[in-house]
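What follows is the content of model_15.pdb, which has PDB, C-alpha atoms, pLDDT in the B column:
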ATOM      1  CA  MET A 246      50.738  -9.918-112.087  1.00 81.00           C
ATOM      2  CA  ASP A 247      48.047  -7.269-111.612  1.00 87.00           C
ATOM      3  CA  ARG A 248      45.363  -7.133-108.881  1.00 88.00           C
ATOM      4  CA  GLN A 249      42.813  -9.073-110.959  1.00 90.00           C
ATOM      5  CA  GLY A 250      45.322 -11.802-111.728  1.00 90.00           C
ATOM      6  CA  ILE A 251      46.306 -12.124-108.069  1.00 91.00           C
ATOM      7  CA  ALA A 252      42.724 -12.324-106.831  1.00 92.00           C
ATOM      8  CA  ASN A 253      41.688 -14.764-109.579  1.00 92.00           C
ATOM      9  CA  THR A 254      44.698 -17.025-109.039  1.00 92.00           C
ATOM     10  CA  VAL A 255      44.308 -17.431-105.286  1.00 93.00           C
ATOM     11  CA  TRP A 256      40.542 -17.848-105.730  1.00 92.00           C
ATOM     12  CA  ALA A 257      41.107 -20.628-108.283  1.00 93.00           C
ATOM     13  CA  PHE A 258      43.516 -22.530-106.022  1.00 91.00           C
ATOM     14  CA  ALA A 259      41.161 -22.156-103.042  1.00 93.00           C
ATOM     15  CA  THR A 260      38.203 -23.363-105.096  1.00 92.00           C
ATOM     16  CA  VAL A 261      39.972 -26.642-105.817  1.00 91.00           C
ATOM     17  CA  ALA A 262      41.329 -26.786-102.233  1.00 90.00           C
ATOM     18  CA  PHE A 263      44.958 -26.819-103.357  1.00 89.00           C
ATOM     19  CA  SER A 264      47.316 -25.136-100.896  1.00 87.00           C
ATOM     20  CA  HIS A 265      50.965 -24.694-101.841  1.00 87.00           C
ATOM     21  CA  ALA A 266      52.885 -22.629 -99.292  1.00 91.00           C
ATOM     22  CA  PRO A 267      55.537 -21.179-101.649  1.00 92.00           C
ATOM     23  CA  LEU A 268      52.837 -20.021-104.056  1.00 90.00           C
ATOM     24  CA  MET A 269      50.710 -18.538-101.262  1.00 93.00           C
ATOM     25  CA  HIS A 270      53.681 -16.610 -99.892  1.00 94.00           C
ATOM     26  CA  ALA A 271      54.478 -15.325-103.381  1.00 94.00           C
ATOM     27  CA  MET A 272      50.856 -14.318-103.969  1.00 93.00           C
ATOM     28  CA  SER A 273      50.781 -12.565-100.611  1.00 95.00           C
ATOM     29  CA  ALA A 274      53.916 -10.594-101.436  1.00 95.00           C
ATOM     30  CA  ALA A 275      52.484  -9.596-104.809  1.00 94.00           C
ATOM     31  CA  ALA A 276      49.185  -8.577-103.227  1.00 95.00           C
ATOM     32  CA  LEU A 277      50.935  -6.462-100.607  1.00 95.00           C
ATOM     33  CA  ARG A 278      52.784  -4.571-103.342  1.00 94.00           C
ATOM     34  CA  THR A 279      49.542  -3.675-105.127  1.00 94.00           C
ATOM     35  CA  ILE A 280      47.005  -3.627-102.270  1.00 95.00           C
ATOM     36  CA  ALA A 281      46.289   0.088-102.752  1.00 94.00           C
ATOM     37  CA  ALA A 282      44.746  -0.743-106.134  1.00 94.00           C
ATOM     38  CA  PHE A 283      42.497  -3.567-104.852  1.00 95.00           C
ATOM     39  CA  THR A 284      38.754  -3.058-105.205  1.00 95.00           C
ATOM     40  CA  PRO A 285      36.329  -4.420-102.571  1.00 93.00           C
ATOM     41  CA  GLN A 286      35.782  -7.506-104.734  1.00 94.00           C
ATOM     42  CA  HIS A 287      39.518  -8.183-104.999  1.00 95.00           C
ATOM     43  CA  LEU A 288      39.882  -7.745-101.238  1.00 96.00           C
ATOM     44  CA  ALA A 289      36.954 -10.028-100.453  1.00 94.00           C
ATOM     45  CA  ASN A 290      37.995 -12.745-102.917  1.00 95.00           C
ATOM     46  CA  THR A 291      41.594 -12.723-101.725  1.00 96.00           C
ATOM     47  CA  ALA A 292      40.610 -12.872 -98.056  1.00 95.00           C
ATOM     48  CA  TRP A 293      38.142 -15.682 -98.843  1.00 94.00           C
ATOM     49  CA  ALA A 294      40.796 -17.689-100.687  1.00 95.00           C
ATOM     50  CA  PHE A 295      43.371 -17.477 -97.895  1.00 96.00           C
ATOM     51  CA  ALA A 296      40.713 -18.361 -95.306  1.00 94.00           C
ATOM     52  CA  LYS A 297      39.391 -21.254 -97.394  1.00 93.00           C
ATOM     53  CA  LEU A 298      42.912 -22.694 -97.479  1.00 94.00           C
ATOM     54  CA  LEU A 299      43.410 -21.917 -93.758  1.00 92.00           C
ATOM     55  CA  PHE A 300      46.461 -19.849 -94.677  1.00 93.00           C
ATOM     56  CA  ALA A 301      46.586 -17.072 -92.069  1.00 92.00           C
ATOM     57  CA  ASP A 302      49.006 -14.588 -93.604  1.00 94.00           C
ATOM     58  CA  CYS A 303      48.733 -11.850 -90.969  1.00 93.00           C
ATOM     59  CA  PRO A 304      50.578  -9.062 -92.857  1.00 95.00           C
ATOM     60  CA  LEU A 305      48.336  -9.556 -95.882  1.00 96.00           C
ATOM     61  CA  LEU A 306      45.148  -9.792 -93.850  1.00 95.00           C
ATOM     62  CA  ASP A 307      46.110  -6.656 -91.932  1.00 95.00           C
ATOM     63  CA  ALA A 308      46.612  -4.860 -95.246  1.00 96.00           C
ATOM     64  CA  ILE A 309      43.275  -6.168 -96.528  1.00 96.00           C
ATOM     65  CA  SER A 310      41.636  -4.871 -93.355  1.00 94.00           C
ATOM     66  CA  LYS A 311      43.109  -1.381 -93.732  1.00 94.00           C
ATOM     67  CA  ARG A 312      42.185  -1.193 -97.417  1.00 95.00           C
ATOM     68  CA  ALA A 313      38.664  -2.477 -96.708  1.00 93.00           C
ATOM     69  CA  LEU A 314      38.161   0.196 -94.048  1.00 92.00           C
ATOM     70  CA  PHE A 315      39.192   2.819 -96.582  1.00 91.00           C
ATOM     71  CA  ASN A 316      36.619   1.536 -99.125  1.00 88.00           C
ATOM     72  CA  ILE A 317      33.941   0.347 -96.713  1.00 87.00           C
ATOM     73  CA  SER A 318      31.046   2.201 -98.368  1.00 84.00           C
ATOM     74  CA  GLN A 319      31.716   0.401-101.681  1.00 88.00           C
ATOM     75  CA  PHE A 320      31.206  -3.140-100.357  1.00 86.00           C
ATOM     76  CA  GLY A 321      28.204  -5.103-101.582  1.00 83.00           C
ATOM     77  CA  SER A 322      26.476  -7.879 -99.650  1.00 79.00           C
ATOM     78  CA  GLN A 323      28.622 -10.740-100.987  1.00 83.00           C
ATOM     79  CA  GLY A 324      31.842  -8.870-100.297  1.00 88.00           C
ATOM     80  CA  ILE A 325      30.743  -8.192 -96.729  1.00 85.00           C
ATOM     81  CA  ILE A 326      29.886 -11.849 -96.178  1.00 84.00           C
ATOM     82  CA  ASN A 327      33.207 -13.027 -97.616  1.00 88.00           C
ATOM     83  CA  ILE A 328      35.260 -10.668 -95.468  1.00 89.00           C
ATOM     84  CA  VAL A 329      33.379 -11.417 -92.240  1.00 85.00           C
ATOM     85  CA  TRP A 330      33.469 -15.164 -92.958  1.00 85.00           C
ATOM     86  CA  SER A 331      37.186 -15.076 -93.802  1.00 90.00           C
ATOM     87  CA  PHE A 332      38.266 -13.357 -90.607  1.00 87.00           C
ATOM     88  CA  ALA A 333      35.965 -15.596 -88.559  1.00 82.00           C
ATOM     89  CA  LYS A 334      37.307 -18.737 -90.258  1.00 84.00           C
ATOM     90  CA  LEU A 335      40.878 -17.730 -89.401  1.00 86.00           C
ATOM     91  CA  CYS A 336      39.875 -16.733 -85.852  1.00 81.00           C
ATOM     92  CA  LEU A 337      41.037 -13.156 -86.416  1.00 83.00           C
ATOM     93  CA  LEU A 338      39.025 -10.720 -84.318  1.00 77.00           C
ATOM     94  CA  ASP A 339      39.535  -7.411 -86.110  1.00 83.00           C
ATOM     95  CA  LEU A 340      36.925  -5.333 -84.292  1.00 79.00           C
ATOM     96  CA  PRO A 341      37.331  -2.043 -86.217  1.00 87.00           C
ATOM     97  CA  LEU A 342      36.900  -3.875 -89.527  1.00 86.00           C
ATOM     98  CA  LEU A 343      34.040  -6.074 -88.338  1.00 79.00           C
ATOM     99  CA  ASP A 344      32.204  -3.110 -86.811  1.00 81.00           C
ATOM    100  CA  ALA A 345      32.611  -1.100 -90.014  1.00 84.00           C
ATOM    101  CA  LEU A 346      31.440  -3.999 -92.178  1.00 78.00           C
ATOM    102  CA  SER A 347      28.483  -4.557 -89.881  1.00 74.00           C
ATOM    103  CA  SER A 348      27.363  -0.949 -90.277  1.00 76.00           C
ATOM    104  CA  ALA A 349      27.944  -1.041 -94.027  1.00 75.00           C
ATOM    105  CA  SER A 350      25.844  -4.187 -94.387  1.00 70.00           C
ATOM    106  CA  LEU A 351      22.564  -2.786 -93.071  1.00 67.00           C
ATOM    107  CA  THR A 352      21.242  -1.963 -96.555  1.00 70.00           C
ATOM    108  CA  PRO A 353      22.875  -4.736 -98.686  1.00 72.00           C
ATOM    109  CA  LEU A 354      21.672  -7.350 -96.184  1.00 70.00           C
ATOM    110  CA  ARG A 355      18.150  -7.082 -97.484  1.00 72.00           C
ATOM    111  CA  GLN A 356      19.208  -8.654-100.788  1.00 75.00           C
ATOM    112  CA  LEU A 357      20.836 -11.747 -99.249  1.00 80.00           C
ATOM    113  CA  SER A 358      19.680 -15.317 -99.752  1.00 86.00           C
ATOM    114  CA  THR A 359      18.531 -17.271 -96.700  1.00 91.00           C
ATOM    115  CA  MET A 360      21.760 -19.289 -96.708  1.00 91.00           C
ATOM    116  CA  ASP A 361      23.773 -16.068 -96.836  1.00 87.00           C
ATOM    117  CA  LEU A 362      21.802 -14.700 -93.888  1.00 89.00           C
ATOM    118  CA  ALA A 363      22.518 -17.852 -91.907  1.00 93.00           C
ATOM    119  CA  ASN A 364      26.202 -17.812 -92.881  1.00 88.00           C
ATOM    120  CA  LEU A 365      26.531 -14.179 -91.849  1.00 86.00           C
ATOM    121  CA  ALA A 366      24.975 -15.025 -88.484  1.00 91.00           C
ATOM    122  CA  TRP A 367      27.450 -17.914 -88.156  1.00 89.00           C
ATOM    123  CA  SER A 368      30.347 -15.580 -88.984  1.00 84.00           C
ATOM    124  CA  CYS A 369      29.235 -13.149 -86.287  1.00 85.00           C
ATOM    125  CA  ALA A 370      28.886 -15.959 -83.755  1.00 89.00           C
ATOM    126  CA  THR A 371      32.230 -17.614 -84.450  1.00 85.00           C
ATOM    127  CA  SER A 372      34.029 -14.255 -84.253  1.00 77.00           C
ATOM    128  CA  CYS A 373      32.002 -13.244 -81.168  1.00 78.00           C
ATOM    129  CA  LEU A 374      30.790 -10.166 -83.027  1.00 76.00           C
ATOM    130  CA  SER A 375      27.726  -9.071 -81.102  1.00 78.00           C
ATOM    131  CA  HIS A 376      27.028  -6.011 -83.203  1.00 76.00           C
ATOM    132  CA  VAL A 377      23.495  -4.943 -82.276  1.00 80.00           C
ATOM    133  CA  PRO A 378      22.490  -3.138 -85.514  1.00 79.00           C
ATOM    134  CA  LEU A 379      23.737  -5.972 -87.724  1.00 80.00           C
ATOM    135  CA  LEU A 380      22.125  -8.696 -85.619  1.00 86.00           C
ATOM    136  CA  ALA A 381      18.859  -6.751 -85.529  1.00 86.00           C
ATOM    137  CA  VAL A 382      18.723  -6.632 -89.326  1.00 83.00           C
ATOM    138  CA  ILE A 383      19.631 -10.332 -89.619  1.00 88.00           C
ATOM    139  CA  ALA A 384      16.882 -11.191 -87.137  1.00 92.00           C
ATOM    140  CA  ALA A 385      14.312  -8.991 -88.872  1.00 89.00           C
ATOM    141  CA  GLN A 386      15.121 -10.422 -92.295  1.00 89.00           C
ATOM    142  CA  SER A 387      15.086 -13.960 -90.919  1.00 93.00           C
ATOM    143  CA  LEU A 388      11.677 -13.428 -89.325  1.00 94.00           C
ATOM    144  CA  MET A 389      10.244 -12.039 -92.548  1.00 92.00           C
ATOM    145  CA  ARG A 390      11.559 -14.945 -94.620  1.00 93.00           C
ATOM    146  CA  ILE A 391      11.532 -17.851 -92.183  1.00 96.00           C
ATOM    147  CA  SER A 392       9.232 -19.876 -94.455  1.00 95.00           C
ATOM    148  CA  GLU A 393      11.996 -19.821 -97.095  1.00 95.00           C
ATOM    149  CA  PHE A 394      14.640 -21.184 -94.701  1.00 96.00           C
ATOM    150  CA  GLY A 395      15.895 -24.716 -95.140  1.00 96.00           C
ATOM    151  CA  SER A 396      16.665 -26.951 -92.173  1.00 96.00           C
ATOM    152  CA  GLN A 397      20.346 -26.038 -92.189  1.00 96.00           C
ATOM    153  CA  ASP A 398      19.595 -22.316 -92.395  1.00 96.00           C
ATOM    154  CA  MET A 399      17.356 -22.569 -89.332  1.00 97.00           C
ATOM    155  CA  SER A 400      19.741 -24.651 -87.250  1.00 97.00           C
ATOM    156  CA  ILE A 401      22.702 -22.399 -88.087  1.00 97.00           C
ATOM    157  CA  THR A 402      20.715 -19.286 -87.186  1.00 97.00           C
ATOM    158  CA  ALA A 403      19.522 -20.753 -83.885  1.00 97.00           C
ATOM    159  CA  TRP A 404      23.035 -21.988 -83.060  1.00 97.00           C
ATOM    160  CA  SER A 405      24.527 -18.573 -83.866  1.00 96.00           C
ATOM    161  CA  TRP A 406      22.163 -16.681 -81.588  1.00 96.00           C
ATOM    162  CA  ALA A 407      22.755 -19.196 -78.806  1.00 97.00           C
ATOM    163  CA  LYS A 408      26.531 -18.968 -79.258  1.00 95.00           C
ATOM    164  CA  LEU A 409      26.208 -15.208 -78.777  1.00 94.00           C
ATOM    165  CA  SER A 410      23.959 -15.833 -75.744  1.00 94.00           C
ATOM    166  CA  ILE A 411      21.122 -13.827 -77.303  1.00 95.00           C
ATOM    167  CA  SER A 412      17.641 -15.039 -76.411  1.00 94.00           C
ATOM    168  CA  ASP A 413      15.550 -13.475 -79.170  1.00 95.00           C
ATOM    169  CA  ARG A 414      12.150 -14.951 -78.351  1.00 96.00           C
ATOM    170  CA  PRO A 415      10.309 -13.930 -81.546  1.00 96.00           C
ATOM    171  CA  LEU A 416      13.126 -15.320 -83.695  1.00 97.00           C
ATOM    172  CA  PHE A 417      13.373 -18.582 -81.744  1.00 98.00           C
ATOM    173  CA  ASP A 418       9.595 -19.030 -81.788  1.00 97.00           C
ATOM    174  CA  ALA A 419       9.583 -18.571 -85.565  1.00 98.00           C
ATOM    175  CA  ILE A 420      12.453 -21.029 -85.960  1.00 98.00           C
ATOM    176  CA  ALA A 421      10.617 -23.546 -83.782  1.00 98.00           C
ATOM    177  CA  SER A 422       7.404 -23.355 -85.798  1.00 97.00           C
ATOM    178  CA  ALA A 423       9.185 -23.556 -89.142  1.00 97.00           C
ATOM    179  CA  SER A 424      11.439 -26.390 -87.937  1.00 97.00           C
ATOM    180  CA  ILE A 425       8.473 -28.519 -86.881  1.00 97.00           C
ATOM    181  CA  CYS A 426       6.998 -28.149 -90.367  1.00 96.00           C
ATOM    182  CA  LYS A 427      10.250 -29.240 -91.995  1.00 96.00           C
ATOM    183  CA  ILE A 428      11.549 -31.671 -89.369  1.00 96.00           C
ATOM    184  CA  SER A 429      11.881 -34.530 -91.881  1.00 94.00           C
ATOM    185  CA  GLU A 430      14.513 -32.493 -93.733  1.00 95.00           C
ATOM    186  CA  PHE A 431      16.803 -32.164 -90.701  1.00 96.00           C
ATOM    187  CA  GLY A 432      20.078 -34.049 -90.651  1.00 94.00           C
ATOM    188  CA  ALA A 433      21.613 -35.334 -87.436  1.00 93.00           C
ATOM    189  CA  GLN A 434      23.818 -32.273 -86.946  1.00 94.00           C
ATOM    190  CA  SER A 435      20.947 -29.860 -87.539  1.00 96.00           C
ATOM    191  CA  LEU A 436      18.821 -31.742 -85.012  1.00 96.00           C
ATOM    192  CA  GLY A 437      21.576 -31.575 -82.414  1.00 95.00           C
ATOM    193  CA  ASN A 438      22.440 -27.936 -83.065  1.00 96.00           C
ATOM    194  CA  THR A 439      18.817 -26.866 -82.821  1.00 97.00           C
ATOM    195  CA  ALA A 440      18.228 -28.716 -79.556  1.00 97.00           C
ATOM    196  CA  TRP A 441      21.446 -27.305 -78.102  1.00 97.00           C
ATOM    197  CA  ALA A 442      20.571 -23.760 -79.156  1.00 97.00           C
ATOM    198  CA  PHE A 443      17.157 -23.750 -77.474  1.00 97.00           C
ATOM    199  CA  ALA A 444      18.623 -25.283 -74.321  1.00 96.00           C
ATOM    200  CA  LYS A 445      21.491 -22.778 -74.294  1.00 97.00           C
ATOM    201  CA  VAL A 446      19.222 -19.710 -74.356  1.00 96.00           C
ATOM    202  CA  GLY A 447      16.727 -21.272 -71.948  1.00 96.00           C
ATOM    203  CA  ILE A 448      13.722 -21.304 -74.275  1.00 96.00           C
ATOM    204  CA  GLU A 449      11.501 -24.306 -73.637  1.00 94.00           C
ATOM    205  CA  ASN A 450       9.414 -25.294 -76.645  1.00 96.00           C
ATOM    206  CA  LEU A 451       7.889 -28.699 -75.985  1.00 96.00           C
ATOM    207  CA  PRO A 452       6.371 -29.256 -79.471  1.00 97.00           C
ATOM    208  CA  LEU A 453       9.781 -28.583 -81.053  1.00 97.00           C
ATOM    209  CA  MET A 454      11.612 -30.839 -78.617  1.00 97.00           C
ATOM    210  CA  ALA A 455       9.102 -33.619 -79.259  1.00 97.00           C
ATOM    211  CA  ALA A 456       9.604 -33.237 -83.013  1.00 97.00           C
ATOM    212  CA  LEU A 457      13.396 -33.209 -82.655  1.00 96.00           C
ATOM    213  CA  SER A 458      13.270 -36.286 -80.440  1.00 96.00           C
ATOM    214  CA  ALA A 459      11.031 -38.189 -82.858  1.00 95.00           C
ATOM    215  CA  ALA A 460      13.244 -37.290 -85.817  1.00 95.00           C
ATOM    216  CA  ALA A 461      16.370 -38.341 -83.940  1.00 94.00           C
ATOM    217  CA  ARG A 462      14.817 -41.729 -83.081  1.00 93.00           C
ATOM    218  CA  VAL A 463      13.971 -42.301 -86.724  1.00 92.00           C
ATOM    219  CA  LYS A 464      17.580 -41.616 -87.736  1.00 86.00           C
ATOM    220  CA  LEU A 465      18.912 -43.864 -84.976  1.00 87.00           C
ATOM    221  CA  ALA A 466      16.634 -46.704 -86.062  1.00 86.00           C
ATOM    222  CA  ALA A 467      17.815 -46.328 -89.658  1.00 80.00           C
ATOM    223  CA  ALA A 468      21.506 -46.319 -88.719  1.00 68.00           C
TER     224      ALA A 468
END
As structure tokens:
Amino acid sequence: MDRQGIANTVWAFATVAFSHAPLMHAMSAAALRTIAAFTPQHLANTAWAFAKLLFADCPLLDAISKRALFNISQFGSQGIINIVWSFAKLCLLDLPLLDALSSASLTPLRQLSTMDLANLAWSCATSCLSHVPLLAVIAAQSLMRISEFGSQDMSITAWSWAKLSISDRPLFDAIASASICKISEFGAQSLGNTAWAFAKVGIENLPLMAALSAAARVKLAAA
């Protein structure tokens, strides 16, 4: 099986959430034999598939990391997100790779959707990647497009910054204002995550807290 077949096969199994250990081991062995021919898309899709299935094959992921570092300038925004998310999902803190991907993402990041921005922030937070240039671009893009953010995007972004213990006042103020306008769209988890995030970074926003409290009471009454 060639590189395209390997990447497509593991992606297909991950998409339907079917994990079969013998197959995954066989796919890993095949990928390791041909890893030098993998493009950034093959690397990102393969890493995503193994992470989606929570199959932490360390030799393969180490090979993916080394190959990704070699081709770092060729990664697009989606490939960067998939790699960062995959290593974060598997709790693998590969600092050289994450730092390189962070630097490579400064230009592609501007083309991301709001959900992708939020997911990239989440990936940084869960892998404790406090990479200043990357976070600065995420924050700047989020500020520019905060009116486009959905409730989940806002709560994930706030949670991510709080998890990294970064009190970005302009970003949190923008999230607060936009959240109040869309408070009826917030689910229970988004309400809780947003309240926790503001408390964690020590930013007191009484109008937001009042809106969160009112929305939570409505959901409790409807339960």
Please, what distance in Å, to one decimal, runs between CA of Phe295 (chain A) and CA of Met399 (chain A)?
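Interatomic distance here is 27.9 Å.
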Interatomic distance (Å, one decimal) between CA of Arg278 (chain A) and CA of Lys334 (chain A):
24.7 Å
Give me, please, the distance in Å between CA of Phe315 (chain A) and CA of Thr359 (chain A), quoted to one decimal.
28.8 Å
Do you know which residues are at most 12 Å from Ala294 (chain A) counting all atoms listed in the file, after dropping those on the same chain fewer than 6 positions away, and could you put them as a VMD selection string?
chain A and resid 251 to 264 269 272 to 273 287 to 288 300 to 302 306 327 to 328 330 to 332 334 to 335
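Across A:Ala313, A:Ala363, A:Ala460, A:Ala385, the tightest approach to Glu430 (chain A) is made by A:Ala460 when counting all atoms listed in the file.
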Could you check which of A:Ala423, A:Ser458, A:Gln319, A:Pro452 is closest to Phe394 (chain A), using all atoms listed in the file?
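When distances to Phe394 (chain A) are compared using all atoms listed in the file, the smallest one comes from A:Ala423.
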Coordinates of box centre and edge lengths for region 352-356 of chain A, 3 Å on every side, axis-aligned, as JSON:
{"center_x": 20.5, "center_y": -5.3, "center_z": -98.5, "size_x": 10.7, "size_y": 12.7, "size_z": 10.6}
What does the PyMOL selection byres ((chain A and resi 348) around 12) select in this file, as a PyMOL selection string?
chain A and resi 314+317-318+320+322+325+341-347+349-354+376-382
Would you mind telling me which residue in A:Leu374, A:Leu277, A:Met389, A:Ala366 lies nearest to Asp307 (chain A) when using all atoms listed in the file?
A:Leu277
Taking (13.0, -17.6, -83.3) in the coordinates of the supplied file, I want to know which residues reach to within 10 Å of it, counting all atoms listed in the file; could you give the answer as a PDB file with C-alpha atoms, in the coordinates of the input?
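Wrote it out as point31.pdb, contents follow:
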ATOM      1  CA  ALA A 384      16.882 -11.191 -87.137  1.00 92.00           C
ATOM      2  CA  SER A 387      15.086 -13.960 -90.919  1.00 93.00           C
ATOM      3  CA  LEU A 388      11.677 -13.428 -89.325  1.00 94.00           C
ATOM      4  CA  ILE A 391      11.532 -17.851 -92.183  1.00 96.00           C
ATOM      5  CA  MET A 399      17.356 -22.569 -89.332  1.00 97.00           C
ATOM      6  CA  THR A 402      20.715 -19.286 -87.186  1.00 97.00           C
ATOM      7  CA  ALA A 403      19.522 -20.753 -83.885  1.00 97.00           C
ATOM      8  CA  TRP A 406      22.163 -16.681 -81.588  1.00 96.00           C
ATOM      9  CA  SER A 412      17.641 -15.039 -76.411  1.00 94.00           C
ATOM     10  CA  ASP A 413      15.550 -13.475 -79.170  1.00 95.00           C
ATOM     11  CA  ARG A 414      12.150 -14.951 -78.351  1.00 96.00           C
ATOM     12  CA  PRO A 415      10.309 -13.930 -81.546  1.00 96.00           C
ATOM     13  CA  LEU A 416      13.126 -15.320 -83.695  1.00 97.00           C
ATOM     14  CA  PHE A 417      13.373 -18.582 -81.744  1.00 98.00           C
ATOM     15  CA  ASP A 418       9.595 -19.030 -81.788  1.00 97.00           C
ATOM     16  CA  ALA A 419       9.583 -18.571 -85.565  1.00 98.00           C
ATOM     17  CA  ILE A 420      12.453 -21.029 -85.960  1.00 98.00           C
ATOM     18  CA  ALA A 421      10.617 -23.546 -83.782  1.00 98.00           C
ATOM     19  CA  SER A 422       7.404 -23.355 -85.798  1.00 97.00           C
ATOM     20  CA  ALA A 423       9.185 -23.556 -89.142  1.00 97.00           C
ATOM     21  CA  PHE A 443      17.157 -23.750 -77.474  1.00 97.00           C
ATOM     22  CA  ILE A 448      13.722 -21.304 -74.275  1.00 96.00           C
TER      23      ILE A 448
END
Test item: the PyMOL selection byres ((chain A and resi 372) around 8) resolved as a list in words:
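On the file shown, the PyMOL selection byres ((chain A and resi 372) around 8) covers Phe332, Ala333, Cys336, Leu337, Leu338, Ser368, Cys369, Ala370, Thr371, Cys373 and Leu374 of chain A.
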With distances taken over all atoms listed in the file, which of A:Glu393, A:Asp398, A:Asp247, A:Asp339 is nearest to Leu436 (chain A)?
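Nearest to Leu436 (chain A): A:Asp398.
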Residues at most 12 Å from Ala455 (chain A), counting only C-alpha atoms, excluding those fewer than 5 positions away in the same chain, as a list in words?
Ala421, Ser424, Ile425, Ile428, Leu436, Ala440, Glu449, Asn450, Ala460, Ala461 and Arg462 of chain A
Selection from above, C-alpha atoms, as a PDB file, keeping the file's coordinate frame, can you write it?
ATOM      1  CA  ALA A 421      10.617 -23.546 -83.782  1.00 98.00           C
ATOM      2  CA  SER A 424      11.439 -26.390 -87.937  1.00 97.00           C
ATOM      3  CA  ILE A 425       8.473 -28.519 -86.881  1.00 97.00           C
ATOM      4  CA  ILE A 428      11.549 -31.671 -89.369  1.00 96.00           C
ATOM      5  CA  LEU A 436      18.821 -31.742 -85.012  1.00 96.00           C
ATOM      6  CA  ALA A 440      18.228 -28.716 -79.556  1.00 97.00           C
ATOM      7  CA  GLU A 449      11.501 -24.306 -73.637  1.00 94.00           C
ATOM      8  CA  ASN A 450       9.414 -25.294 -76.645  1.00 96.00           C
ATOM      9  CA  ALA A 460      13.244 -37.290 -85.817  1.00 95.00           C
ATOM     10  CA  ALA A 461      16.370 -38.341 -83.940  1.00 94.00           C
ATOM     11  CA  ARG A 462      14.817 -41.729 -83.081  1.00 93.00           C
TER      12      ARG A 462
END
Residue nearest Ser310 (chain A) among A:Ala444, A:Ala266, A:Ala274, A:Ala289 (counting all atoms listed in the file):
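That would be A:Ala289, the residue with the smallest distance to Ser310 (chain A).
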Would you mind exporting region 427-438 of chain A with N, CA, C and O atoms, as a tab-separated table (two decimals), in the first residue's frame?
chain	number	residue	atom	x	y	z
A	427	LYS	N	-24.95	37.03	22.80
A	427	LYS	CA	-25.36	35.72	22.31
A	427	LYS	C	-25.62	34.73	23.45
A	427	LYS	O	-25.57	33.51	23.25
A	428	ILE	N	-25.91	35.24	24.63
A	428	ILE	CA	-26.00	34.39	25.82
A	428	ILE	C	-27.06	33.30	25.68
A	428	ILE	O	-26.93	32.21	26.24
A	429	SER	N	-28.12	33.55	24.91
A	429	SER	CA	-29.18	32.55	24.76
A	429	SER	C	-28.71	31.32	23.99
A	429	SER	O	-29.34	30.27	24.04
A	430	GLU	N	-27.58	31.46	23.28
A	430	GLU	CA	-27.06	30.34	22.49
A	430	GLU	C	-26.15	29.43	23.31
A	430	GLU	O	-25.76	28.36	22.85
A	431	PHE	N	-25.78	29.85	24.52
A	431	PHE	CA	-24.82	29.10	25.32
A	431	PHE	C	-25.45	27.85	25.92
A	431	PHE	O	-26.53	27.90	26.50
A	432	GLY	N	-24.73	26.73	25.78
A	432	GLY	CA	-25.12	25.51	26.46
A	432	GLY	C	-24.55	25.52	27.88
A	432	GLY	O	-23.77	26.41	28.25
A	433	ALA	N	-24.91	24.52	28.66
A	433	ALA	CA	-24.49	24.48	30.05
A	433	ALA	C	-22.96	24.46	30.18
A	433	ALA	O	-22.38	25.16	31.02
A	434	GLN	N	-22.30	23.66	29.34
A	434	GLN	CA	-20.84	23.57	29.44
A	434	GLN	C	-20.18	24.89	29.06
A	434	GLN	O	-19.21	25.31	29.69
A	435	SER	N	-20.70	25.55	28.03
A	435	SER	CA	-20.13	26.83	27.62
A	435	SER	C	-20.31	27.88	28.71
A	435	SER	O	-19.42	28.70	28.95
A	436	LEU	N	-21.46	27.86	29.37
A	436	LEU	CA	-21.68	28.78	30.49
A	436	LEU	C	-20.66	28.55	31.59
A	436	LEU	O	-20.04	29.50	32.09
A	437	GLY	N	-20.50	27.29	31.97
A	437	GLY	CA	-19.55	26.96	33.03
A	437	GLY	C	-18.12	27.27	32.67
A	437	GLY	O	-17.36	27.82	33.49
A	438	ASN	N	-17.72	26.92	31.44
A	438	ASN	CA	-16.34	27.18	31.01
A	438	ASN	C	-16.02	28.67	30.98
A	438	ASN	O	-14.92	29.09	31.34
